[in-house]
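To be precise, the following lines are query-v5.cif, and they hold mmCIF, C-alpha atoms.
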data_coords
#
loop_
_atom_site.label_atom_id
_atom_site.label_comp_id
_atom_site.auth_asym_id
_atom_site.auth_seq_id
_atom_site.Cartn_x
_atom_site.Cartn_y
_atom_site.Cartn_z
CA MET X 18 -33.28 70.83 77.24
CA THR X 19 -32.67 71.12 73.51
CA LYS X 20 -29.66 73.36 74.14
CA ASP X 21 -28.28 70.84 76.62
CA ASN X 22 -28.87 68.02 74.15
CA LYS X 23 -26.91 69.89 71.49
CA ILE X 24 -23.95 70.32 73.83
CA ILE X 25 -24.17 66.68 74.89
CA LEU X 26 -24.27 65.54 71.25
CA HIS X 27 -21.19 67.58 70.33
CA GLU X 28 -19.30 66.15 73.32
CA PHE X 29 -20.43 62.64 72.36
CA ILE X 30 -19.21 62.99 68.76
CA ASP X 31 -15.92 64.47 69.95
CA GLU X 32 -15.19 62.04 72.79
CA VAL X 33 -16.57 58.72 71.54
CA TRP X 34 -16.25 59.02 67.76
CA ASN X 35 -13.35 61.41 67.17
CA LYS X 36 -11.13 60.91 70.24
CA LYS X 37 -12.05 57.21 70.56
CA ASN X 38 -12.64 57.46 74.30
CA LEU X 39 -15.06 54.54 74.25
CA ASP X 40 -15.09 54.36 78.04
CA THR X 41 -17.03 57.63 78.10
CA ALA X 42 -19.88 56.22 75.99
CA ASP X 43 -22.10 55.45 78.98
CA ARG X 44 -22.02 59.12 79.95
CA PHE X 45 -23.85 59.90 76.70
CA ILE X 46 -26.03 56.99 75.65
CA ALA X 47 -29.09 55.50 77.33
CA SER X 48 -29.34 51.88 78.47
CA TYR X 49 -30.49 51.08 74.94
CA TYR X 50 -29.53 52.67 71.62
CA ILE X 51 -31.81 52.09 68.63
CA ILE X 52 -30.55 52.31 65.03
CA HIS X 53 -33.92 53.38 63.61
CA SER X 54 -32.62 53.61 60.06
CA ASP X 55 -29.07 53.69 58.69
CA PRO X 56 -28.78 52.08 55.25
CA GLY X 57 -25.61 50.01 55.01
CA ASP X 58 -25.14 49.73 58.78
CA GLN X 59 -25.06 46.09 59.87
CA TRP X 60 -26.90 46.95 63.13
CA GLU X 61 -29.72 48.81 61.34
CA GLY X 62 -33.09 48.18 62.99
CA GLN X 63 -31.54 46.82 66.18
CA SER X 64 -31.58 48.03 69.77
CA LEU X 65 -28.02 47.94 71.09
CA ASP X 66 -26.85 47.58 74.66
CA LEU X 67 -23.67 49.38 75.77
CA PRO X 68 -21.19 46.59 74.85
CA THR X 69 -22.77 46.21 71.40
CA PHE X 70 -22.77 49.97 70.92
CA LYS X 71 -19.05 50.06 71.70
CA LYS X 72 -18.45 47.16 69.31
CA ARG X 73 -20.18 49.15 66.54
CA VAL X 74 -17.97 52.21 67.18
CA LEU X 75 -14.83 50.02 67.28
CA TYR X 76 -15.81 48.51 63.94
CA SER X 77 -15.92 52.00 62.38
CA HIS X 78 -12.58 52.90 63.95
CA GLN X 79 -11.03 49.81 62.38
CA ILE X 80 -12.44 50.78 58.98
CA PHE X 81 -11.20 54.39 59.37
CA PRO X 82 -8.31 54.50 61.90
CA ASP X 83 -8.15 58.30 61.51
CA LEU X 84 -11.94 58.78 61.50
CA HIS X 85 -13.12 62.32 62.10
CA PHE X 86 -16.66 63.69 62.01
CA ALA X 87 -16.64 67.40 61.19
CA ILE X 88 -20.02 68.78 62.31
CA LYS X 89 -21.32 71.58 60.12
CA GLU X 90 -24.81 72.47 61.41
CA THR X 91 -26.85 71.58 64.50
CA ILE X 92 -30.64 71.89 64.56
CA GLY X 93 -32.62 70.92 67.63
CA GLU X 94 -36.23 70.66 68.70
CA GLU X 95 -37.50 69.02 71.87
CA ASP X 96 -35.90 65.57 72.15
CA LYS X 97 -34.31 65.52 68.69
CA VAL X 98 -31.05 67.01 67.46
CA VAL X 99 -30.04 66.95 63.80
CA ILE X 100 -26.46 67.36 62.63
CA ASN X 101 -24.97 67.37 59.19
CA TRP X 102 -21.35 66.45 58.93
CA ASP X 103 -18.47 65.30 56.77
CA LEU X 104 -16.87 61.98 57.60
CA GLU X 105 -13.15 62.29 56.93
CA GLY X 106 -10.86 59.30 57.07
CA THR X 107 -8.58 56.84 55.34
CA TYR X 108 -10.26 53.61 54.25
CA ASN X 109 -8.41 50.75 55.90
CA GLY X 110 -10.69 47.97 54.67
CA GLY X 111 -13.21 45.91 56.60
CA ILE X 112 -16.37 46.53 54.58
CA PRO X 113 -17.31 43.29 52.80
CA ASN X 114 -16.28 43.24 49.12
CA LEU X 115 -14.46 46.58 49.33
CA ALA X 116 -10.67 46.17 49.25
CA ALA X 117 -8.54 48.32 51.57
CA THR X 118 -7.46 50.94 49.02
CA LYS X 119 -6.12 53.26 51.76
CA LYS X 120 -7.82 56.14 49.96
CA ARG X 121 -8.74 59.25 51.90
CA VAL X 122 -12.45 60.03 51.78
CA ASN X 123 -14.69 62.94 52.66
CA VAL X 124 -18.30 61.82 52.75
CA PRO X 125 -21.33 63.91 53.81
CA GLY X 126 -24.16 62.67 55.96
CA ILE X 127 -27.12 63.87 58.02
CA THR X 128 -28.12 62.27 61.33
CA ILE X 129 -31.16 62.72 63.55
CA TYR X 130 -30.30 61.89 67.17
CA TYR X 131 -33.05 61.00 69.64
CA PHE X 132 -32.78 61.91 73.32
CA ALA X 133 -34.59 61.04 76.54
CA ASN X 134 -33.55 62.67 79.83
CA ASN X 135 -30.44 64.10 78.16
CA LYS X 136 -29.23 60.66 77.08
CA ILE X 137 -29.01 59.55 73.45
CA THR X 138 -31.47 56.74 72.73
CA GLY X 139 -30.67 56.21 69.06
CA HIS X 140 -30.38 57.71 65.62
CA ARG X 141 -31.62 57.78 62.06
CA GLN X 142 -29.02 58.53 59.41
CA ILE X 143 -28.24 58.81 55.73
CA ILE X 144 -24.63 58.72 54.50
CA ASP X 145 -23.72 59.26 50.86
CA ARG X 146 -22.66 55.62 50.46
CA LEU X 147 -22.34 55.90 46.69
CA GLY X 148 -19.98 58.87 47.02
CA PHE X 149 -17.93 56.89 49.53
CA MET X 150 -17.60 53.93 47.17
CA GLN X 151 -16.65 56.19 44.27
CA GLN X 152 -14.01 57.90 46.39
CA ILE X 153 -12.34 54.76 47.69
CA ALA X 154 -12.28 53.34 44.18
CA THR X 155 -11.02 56.34 42.22
CA LYS X 156 -9.72 59.20 44.37
CA LEU X 157 -5.99 59.83 44.54
CA GLN X 158 -4.42 59.35 47.92
CA MET U 275 -42.17 81.30 62.61
CA THR U 276 -40.80 77.77 62.82
CA LYS U 277 -44.29 76.33 63.09
CA ASP U 278 -45.36 78.32 60.03
CA ASN U 279 -42.28 77.15 58.17
CA LYS U 280 -43.16 73.53 58.92
CA ILE U 281 -46.67 73.98 57.54
CA ILE U 282 -45.31 75.80 54.49
CA LEU U 283 -42.79 73.04 53.87
CA HIS U 284 -45.43 70.30 54.04
CA GLU U 285 -47.65 72.24 51.60
CA PHE U 286 -44.67 72.75 49.30
CA ILE U 287 -43.80 69.05 49.22
CA ASP U 288 -47.42 68.13 48.65
CA GLU U 289 -48.27 70.72 46.00
CA VAL U 290 -45.05 71.07 44.01
CA TRP U 291 -43.43 67.66 44.38
CA ASN U 292 -46.29 65.22 44.93
CA LYS U 293 -49.21 66.87 43.10
CA LYS U 294 -46.94 68.40 40.42
CA ASN U 295 -48.63 71.79 40.65
CA LEU U 296 -45.51 73.57 39.46
CA ASP U 297 -47.37 76.85 39.05
CA THR U 298 -47.63 77.09 42.82
CA ALA U 299 -43.84 76.99 43.28
CA ASP U 300 -43.49 80.78 43.57
CA ARG U 301 -45.82 80.75 46.60
CA PHE U 302 -43.22 78.70 48.45
CA ILE U 303 -39.74 79.50 47.21
CA ALA U 304 -37.76 82.73 47.44
CA SER U 305 -36.45 84.62 44.41
CA TYR U 306 -33.40 82.38 44.63
CA TYR U 307 -33.08 78.75 45.72
CA ILE U 308 -29.63 77.45 46.63
CA ILE U 309 -28.72 73.74 46.43
CA HIS U 310 -26.12 73.92 49.22
CA SER U 311 -25.28 70.24 49.01
CA ASP U 312 -27.08 67.35 47.30
CA PRO U 313 -24.68 64.65 46.04
CA GLY U 314 -25.79 63.39 42.65
CA ASP U 315 -27.98 66.42 41.86
CA GLN U 316 -26.85 68.12 38.66
CA TRP U 317 -27.70 71.57 40.11
CA GLU U 318 -25.67 71.01 43.30
CA GLY U 319 -23.88 74.17 44.42
CA GLN U 320 -25.98 76.44 42.20
CA SER U 321 -28.44 79.21 43.00
CA LEU U 322 -31.58 78.63 40.93
CA ASP U 323 -34.11 81.18 39.74
CA LEU U 324 -37.79 80.19 39.53
CA PRO U 325 -37.70 78.83 35.93
CA THR U 326 -34.60 76.76 36.69
CA PHE U 327 -36.15 75.51 39.91
CA LYS U 328 -39.22 74.34 37.97
CA LYS U 329 -36.97 72.69 35.39
CA ARG U 330 -35.28 70.74 38.18
CA VAL U 331 -38.62 69.51 39.56
CA LEU U 332 -39.83 68.56 36.06
CA TYR U 333 -36.64 66.56 35.55
CA SER U 334 -37.42 64.51 38.67
CA HIS U 335 -41.03 64.01 37.56
CA GLN U 336 -39.80 62.63 34.24
CA ILE U 337 -37.49 60.22 36.07
CA PHE U 338 -40.31 59.15 38.45
CA PRO U 339 -43.72 59.86 36.84
CA ASP U 340 -45.45 58.63 40.01
CA LEU U 341 -43.02 60.32 42.40
CA HIS U 342 -44.21 60.62 45.98
CA PHE U 343 -42.35 61.94 49.00
CA ALA U 344 -43.72 60.40 52.21
CA ILE U 345 -42.61 62.68 55.05
CA LYS U 346 -41.87 60.84 58.29
CA GLU U 347 -40.54 63.41 60.78
CA THR U 348 -40.33 67.20 60.86
CA ILE U 349 -37.84 69.00 63.09
CA GLY U 350 -37.61 72.79 63.09
CA GLU U 351 -35.49 75.48 64.67
CA GLU U 352 -35.50 79.13 63.70
CA ASP U 353 -35.13 79.39 59.93
CA LYS U 354 -34.37 75.70 59.32
CA VAL U 355 -36.73 72.76 58.97
CA VAL U 356 -35.47 69.18 58.66
CA ILE U 357 -37.57 66.37 57.22
CA ASN U 358 -36.81 62.74 56.70
CA TRP U 359 -38.76 60.99 54.02
CA ASP U 360 -39.09 58.02 51.71
CA LEU U 361 -39.06 58.68 47.99
CA GLU U 362 -41.45 56.24 46.36
CA GLY U 363 -41.70 55.92 42.60
CA THR U 364 -41.18 53.92 39.44
CA TYR U 365 -37.88 54.52 37.69
CA ASN U 366 -38.66 55.66 34.16
CA GLY U 367 -35.07 56.35 33.11
CA GLY U 368 -33.34 59.69 32.55
CA ILE U 369 -30.35 59.36 34.88
CA PRO U 370 -27.18 59.04 32.76
CA ASN U 371 -25.94 55.44 32.45
CA LEU U 372 -28.95 53.99 34.31
CA ALA U 373 -31.36 52.19 31.97
CA ALA U 374 -35.12 52.61 32.49
CA THR U 375 -35.79 49.37 34.34
CA LYS U 376 -39.31 50.49 35.40
CA LYS U 377 -38.56 49.15 38.86
CA ARG U 378 -40.44 50.56 41.84
CA VAL U 379 -38.15 52.07 44.45
CA ASN U 380 -38.44 53.24 48.04
CA VAL U 381 -35.41 55.31 48.99
CA PRO U 382 -34.85 57.20 52.25
CA GLY U 383 -33.40 60.67 52.54
CA ILE U 384 -32.99 63.56 54.95
CA THR U 385 -33.25 67.21 53.87
CA ILE U 386 -32.52 70.46 55.68
CA TYR U 387 -34.63 73.29 54.25
CA TYR U 388 -33.59 76.91 54.75
CA PHE U 389 -36.15 79.70 55.10
CA ALA U 390 -36.18 83.48 55.06
CA ASN U 391 -39.42 85.40 55.65
CA ASN U 392 -41.41 82.18 55.35
CA LYS U 393 -40.02 81.43 51.88
CA ILE U 394 -37.73 78.51 51.12
CA THR U 395 -34.28 79.71 50.09
CA GLY U 396 -32.65 76.34 49.47
CA HIS U 397 -31.74 72.97 50.87
CA ARG U 398 -29.02 70.53 51.86
CA GLN U 399 -29.83 66.86 51.32
CA ILE U 400 -28.57 63.30 51.41
CA ILE U 401 -30.40 60.54 49.54
CA ASP U 402 -29.38 56.90 49.80
CA ARG U 403 -28.17 56.87 46.19
CA LEU U 404 -26.54 53.45 46.55
CA GLY U 405 -29.81 51.94 47.79
CA PHE U 406 -31.60 53.51 44.84
CA MET U 407 -29.16 52.02 42.35
CA GLN U 408 -29.38 48.60 43.98
CA GLN U 409 -33.18 48.73 43.88
CA ILE U 410 -33.52 49.75 40.24
CA ALA U 411 -31.03 47.06 39.28
CA THR U 412 -32.35 44.13 41.27
CA LYS U 413 -35.76 44.70 42.88
CA LEU U 414 -38.79 42.91 41.45
CA GLN U 415 -41.45 45.16 39.96
#
Since I need it in another form, could you write the structure as structure tokens?
Amino acid sequence: MTKDNKIILHEFIDEVWNKKNLDTADRFIASYYIIHSDPGDQWEGQSLDLPTFKKRVLYSHQIFPDLHFAIKETIGEEDKVVINWDLEGTYNGGIPNLAATKKRVNVPGITIYYFANNKITGHRQIIDRLGFMQQIATKLQ
Amino acid sequence: MTKDNKIILHEFIDEVWNKKNLDTADRFIASYYIIHSDPGDQWEGQSLDLPTFKKRVLYSHQIFPDLHFAIKETIGEEDKVVINWDLEGTYNGGIPNLAATKKRVNVPGITIYYFANNKITGHRQIIDRLGFMQQIATKLQ
């Protein structure tokens, strides 16, 4: 089950987040998707239905039109799969009070994904938000 | 092995980090301890020997004299154990350019710990540094 969940998670990140095939989202996520904890995420603490989940992904794709999650490690146990990753992308604006500097960023994060019956039911995540803000403010393009 | 590593990790966090029994550190960590990734940590990318490891812990205890890591979840596979936690403490100063506001903070993080032969050989970690900075600047004591 854990091995299957790992494969499912990698496909999910690739299809929905990296390739932007939002129509495939229902193949991966459950009928609800809970953002258990994700500081800075405007849906933190909420349980999302499929349309709201897609809206959240679209929002990120508008912020980073070339968004790419590069997964580095995958650690699974029972119904949880942890990945650490680098978010790579060009900041196109859209985060309140942060002007669209069009800077390229590379920001690390770690996410715990929760599964039930091989569907993703939510996540808990920490992104290096401070590093992101420093990069969009100062890094050369 | 993974179950043992989980127990060892919990003891390590409790003894070394929360109870400040630095003399017990060599029971838990290997002869080297690598900070694979830890944005904001001044030892990031380095391999620490035992004295340097203790120096790093002491530095954190000076910054937060009442430091406490509250572990929330523990996920293990083979030689890796992931925990997510809240760092609770009162900011006593010591981080460059951040005045000692004596504000109490509660900051989430996720850490991947690496083991070999039931000893901790290093970690990879993301702390919500932006949340920390916002809390020490604005939160009521």
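Set the cut-off at 9 Å, count only C-alpha atoms, and the residues of chain X near chain U turn out to be Ser54, Pro56, Gly57, Ile92, Gly93, Glu94, Glu95, Lys97, Val98, Val99, Asn101, Pro125, Gly126, Ile127, Thr128, Ile129, Arg141, Gln142, Ile143, Ile144, Asp145, Arg146, Leu147, Gly148 and Met150 of chain X.
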Result of fitting chain U to chain X over every paired C-alpha, as a CSV table (one decimal) with C-alpha atoms, in the frame of the given file:
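Result saved to selection-v8.csv:
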chain,number,residue,atom,x,y,z
U,275,MET,CA,-33.3,70.8,77.3
U,276,THR,CA,-32.7,71.1,73.5
U,277,LYS,CA,-29.7,73.3,74.1
U,278,ASP,CA,-28.3,70.8,76.6
U,279,ASN,CA,-28.9,68.0,74.2
U,280,LYS,CA,-26.9,69.9,71.5
U,281,ILE,CA,-23.9,70.3,73.8
U,282,ILE,CA,-24.2,66.7,74.9
U,283,LEU,CA,-24.3,65.6,71.3
U,284,HIS,CA,-21.2,67.6,70.3
U,285,GLU,CA,-19.3,66.1,73.3
U,286,PHE,CA,-20.4,62.7,72.4
U,287,ILE,CA,-19.2,63.0,68.8
U,288,ASP,CA,-15.9,64.5,69.9
U,289,GLU,CA,-15.2,62.0,72.8
U,290,VAL,CA,-16.6,58.7,71.5
U,291,TRP,CA,-16.2,59.0,67.8
U,292,ASN,CA,-13.3,61.4,67.2
U,293,LYS,CA,-11.1,60.9,70.2
U,294,LYS,CA,-12.1,57.2,70.6
U,295,ASN,CA,-12.6,57.4,74.3
U,296,LEU,CA,-15.0,54.5,74.2
U,297,ASP,CA,-15.1,54.4,78.0
U,298,THR,CA,-17.0,57.6,78.1
U,299,ALA,CA,-19.9,56.2,76.0
U,300,ASP,CA,-22.1,55.4,79.0
U,301,ARG,CA,-22.0,59.1,79.9
U,302,PHE,CA,-23.9,59.9,76.7
U,303,ILE,CA,-26.0,57.0,75.6
U,304,ALA,CA,-29.1,55.5,77.3
U,305,SER,CA,-29.3,51.9,78.5
U,306,TYR,CA,-30.5,51.1,74.9
U,307,TYR,CA,-29.5,52.7,71.6
U,308,ILE,CA,-31.8,52.1,68.6
U,309,ILE,CA,-30.5,52.3,65.0
U,310,HIS,CA,-33.9,53.4,63.6
U,311,SER,CA,-32.6,53.6,60.0
U,312,ASP,CA,-29.1,53.7,58.7
U,313,PRO,CA,-28.8,52.1,55.2
U,314,GLY,CA,-25.6,50.0,55.0
U,315,ASP,CA,-25.1,49.7,58.8
U,316,GLN,CA,-25.1,46.1,59.9
U,317,TRP,CA,-26.9,47.0,63.1
U,318,GLU,CA,-29.7,48.8,61.3
U,319,GLY,CA,-33.1,48.2,63.0
U,320,GLN,CA,-31.5,46.8,66.2
U,321,SER,CA,-31.6,48.0,69.8
U,322,LEU,CA,-28.0,47.9,71.1
U,323,ASP,CA,-26.8,47.6,74.7
U,324,LEU,CA,-23.7,49.4,75.8
U,325,PRO,CA,-21.2,46.6,74.9
U,326,THR,CA,-22.8,46.2,71.4
U,327,PHE,CA,-22.8,50.0,70.9
U,328,LYS,CA,-19.0,50.1,71.7
U,329,LYS,CA,-18.5,47.2,69.3
U,330,ARG,CA,-20.2,49.2,66.6
U,331,VAL,CA,-18.0,52.2,67.2
U,332,LEU,CA,-14.8,50.0,67.3
U,333,TYR,CA,-15.8,48.5,63.9
U,334,SER,CA,-15.9,52.0,62.4
U,335,HIS,CA,-12.6,52.9,63.9
U,336,GLN,CA,-11.0,49.8,62.4
U,337,ILE,CA,-12.4,50.8,59.0
U,338,PHE,CA,-11.2,54.4,59.4
U,339,PRO,CA,-8.3,54.5,61.9
U,340,ASP,CA,-8.2,58.3,61.5
U,341,LEU,CA,-11.9,58.8,61.5
U,342,HIS,CA,-13.1,62.3,62.1
U,343,PHE,CA,-16.7,63.7,62.0
U,344,ALA,CA,-16.6,67.4,61.2
U,345,ILE,CA,-20.0,68.8,62.3
U,346,LYS,CA,-21.3,71.6,60.1
U,347,GLU,CA,-24.8,72.5,61.4
U,348,THR,CA,-26.8,71.6,64.5
U,349,ILE,CA,-30.6,71.9,64.5
U,350,GLY,CA,-32.6,70.9,67.6
U,351,GLU,CA,-36.2,70.6,68.7
U,352,GLU,CA,-37.5,69.0,71.8
U,353,ASP,CA,-35.9,65.6,72.2
U,354,LYS,CA,-34.3,65.5,68.7
U,355,VAL,CA,-31.1,67.0,67.5
U,356,VAL,CA,-30.1,66.9,63.8
U,357,ILE,CA,-26.5,67.4,62.6
U,358,ASN,CA,-25.0,67.4,59.2
U,359,TRP,CA,-21.4,66.4,58.9
U,360,ASP,CA,-18.5,65.3,56.8
U,361,LEU,CA,-16.9,62.0,57.6
U,362,GLU,CA,-13.1,62.3,56.9
U,363,GLY,CA,-10.8,59.3,57.1
U,364,THR,CA,-8.6,56.8,55.3
U,365,TYR,CA,-10.3,53.6,54.2
U,366,ASN,CA,-8.4,50.8,55.9
U,367,GLY,CA,-10.7,48.0,54.7
U,368,GLY,CA,-13.2,45.9,56.6
U,369,ILE,CA,-16.4,46.5,54.6
U,370,PRO,CA,-17.3,43.3,52.8
U,371,ASN,CA,-16.3,43.2,49.1
U,372,LEU,CA,-14.5,46.6,49.3
U,373,ALA,CA,-10.7,46.2,49.3
U,374,ALA,CA,-8.5,48.3,51.6
U,375,THR,CA,-7.5,50.9,49.0
U,376,LYS,CA,-6.1,53.3,51.7
U,377,LYS,CA,-7.8,56.1,50.0
U,378,ARG,CA,-8.7,59.3,51.9
U,379,VAL,CA,-12.4,60.0,51.8
U,380,ASN,CA,-14.7,62.9,52.7
U,381,VAL,CA,-18.3,61.8,52.7
U,382,PRO,CA,-21.3,63.9,53.8
U,383,GLY,CA,-24.2,62.7,56.0
U,384,ILE,CA,-27.1,63.9,58.0
U,385,THR,CA,-28.1,62.3,61.3
U,386,ILE,CA,-31.2,62.7,63.5
U,387,TYR,CA,-30.3,61.9,67.2
U,388,TYR,CA,-33.0,61.0,69.6
U,389,PHE,CA,-32.8,61.9,73.3
U,390,ALA,CA,-34.6,61.0,76.5
U,391,ASN,CA,-33.5,62.7,79.8
U,392,ASN,CA,-30.4,64.1,78.2
U,393,LYS,CA,-29.2,60.7,77.1
U,394,ILE,CA,-29.0,59.6,73.4
U,395,THR,CA,-31.5,56.8,72.7
U,396,GLY,CA,-30.7,56.2,69.1
U,397,HIS,CA,-30.4,57.7,65.6
U,398,ARG,CA,-31.6,57.8,62.0
U,399,GLN,CA,-29.0,58.5,59.4
U,400,ILE,CA,-28.2,58.8,55.7
U,401,ILE,CA,-24.6,58.7,54.5
U,402,ASP,CA,-23.7,59.3,50.9
U,403,ARG,CA,-22.7,55.6,50.5
U,404,LEU,CA,-22.3,55.9,46.7
U,405,GLY,CA,-20.0,58.9,47.0
U,406,PHE,CA,-17.9,56.9,49.5
U,407,MET,CA,-17.6,53.9,47.2
U,408,GLN,CA,-16.7,56.2,44.3
U,409,GLN,CA,-14.0,57.9,46.4
U,410,ILE,CA,-12.4,54.7,47.7
U,411,ALA,CA,-12.3,53.3,44.2
U,412,THR,CA,-11.0,56.3,42.3
U,413,LYS,CA,-9.7,59.2,44.4
U,414,LEU,CA,-6.0,59.8,44.6
U,415,GLN,CA,-4.4,59.4,48.0
Find the residues with any atom within 7 Å of (-11.6, 51.6, 58.7); use all atoms listed in the file and the coordinates as given in the file, and write the answer as a PyMOL selection string. chain X and resi 77-82+107-111
List the residues selected by the PyMOL selection byres ((chain U and resi 323) around 10) in the file shown, writing them as a PyMOL selection string. chain U and resi 303-308+320-322+324-329
Just checking: using only C-alpha atoms, which residue out of U:Phe343, U:Trp317, U:Phe286, U:Phe302 ends up closest to Ala390 (chain U)? U:Phe302
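Between CA of Arg44 (chain X) and CA of Ala87 (chain X) the interatomic distance comes to 21.2 Å.
Proximity to Asp83 (chain X) at 12 Å, evaluated using all atoms listed in the file and with sequence-adjacent residues fewer than 6 positions away removed, yields Trp34, Asn35, Lys36, Lys37, Ser77, Leu104, Glu105, Gly106, Thr107, Tyr108, Asn109, Lys119, Lys120, Arg121, Val122 and Asn123 of chain X.
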In Å to one decimal, how far is CA of Ala117 (chain X) from CA of Val74 (chain X)? 18.6 Å
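In this model, the gap between CA of Ile30 (chain X) and CA of Gly62 (chain X) comes to 21.1 Å.
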Using the structure just given, write a file holding C-alpha atoms for region 366-391 of chain U, as a PDB file, in the first residue's frame.
ATOM      1  CA  ASN U 366      15.899  35.803  24.099  1.00  0.00           C
ATOM      2  CA  GLY U 367      17.868  37.302  21.209  1.00  0.00           C
ATOM      3  CA  GLY U 368      21.033  36.013  19.554  1.00  0.00           C
ATOM      4  CA  ILE U 369      19.931  35.833  15.920  1.00  0.00           C
ATOM      5  CA  PRO U 370      21.779  38.546  13.948  1.00  0.00           C
ATOM      6  CA  ASN U 371      19.637  41.643  13.300  1.00  0.00           C
ATOM      7  CA  LEU U 372      16.709  40.365  15.397  1.00  0.00           C
ATOM      8  CA  ALA U 373      16.401  42.200  18.722  1.00  0.00           C
ATOM      9  CA  ALA U 374      15.543  40.220  21.875  1.00  0.00           C
ATOM     10  CA  THR U 375      11.839  41.016  22.038  1.00  0.00           C
ATOM     11  CA  LYS U 376      11.189  38.298  24.679  1.00  0.00           C
ATOM     12  CA  LYS U 377       8.126  37.279  22.699  1.00  0.00           C
ATOM     13  CA  ARG U 378       6.799  33.746  23.039  1.00  0.00           C
ATOM     14  CA  VAL U 379       6.690  31.882  19.741  1.00  0.00           C
ATOM     15  CA  ASN U 380       5.138  28.699  18.412  1.00  0.00           C
ATOM     16  CA  VAL U 381       6.684  27.783  15.077  1.00  0.00           C
ATOM     17  CA  PRO U 382       6.057  24.622  13.046  1.00  0.00           C
ATOM     18  CA  GLY U 383       8.701  22.593  11.277  1.00  0.00           C
ATOM     19  CA  ILE U 384       9.319  19.241   9.632  1.00  0.00           C
ATOM     20  CA  THR U 385      12.608  17.352   9.964  1.00  0.00           C
ATOM     21  CA  ILE U 386      13.945  14.250   8.240  1.00  0.00           C
ATOM     22  CA  TYR U 387      16.476  12.475  10.464  1.00  0.00           C
ATOM     23  CA  TYR U 388      18.998  10.061   8.972  1.00  0.00           C
ATOM     24  CA  PHE U 389      20.234   7.011  10.878  1.00  0.00           C
ATOM     25  CA  ALA U 390      23.007   4.451  10.554  1.00  0.00           C
ATOM     26  CA  ASN U 391      23.302   1.590  13.058  1.00  0.00           C
TER      27      ASN U 391
END
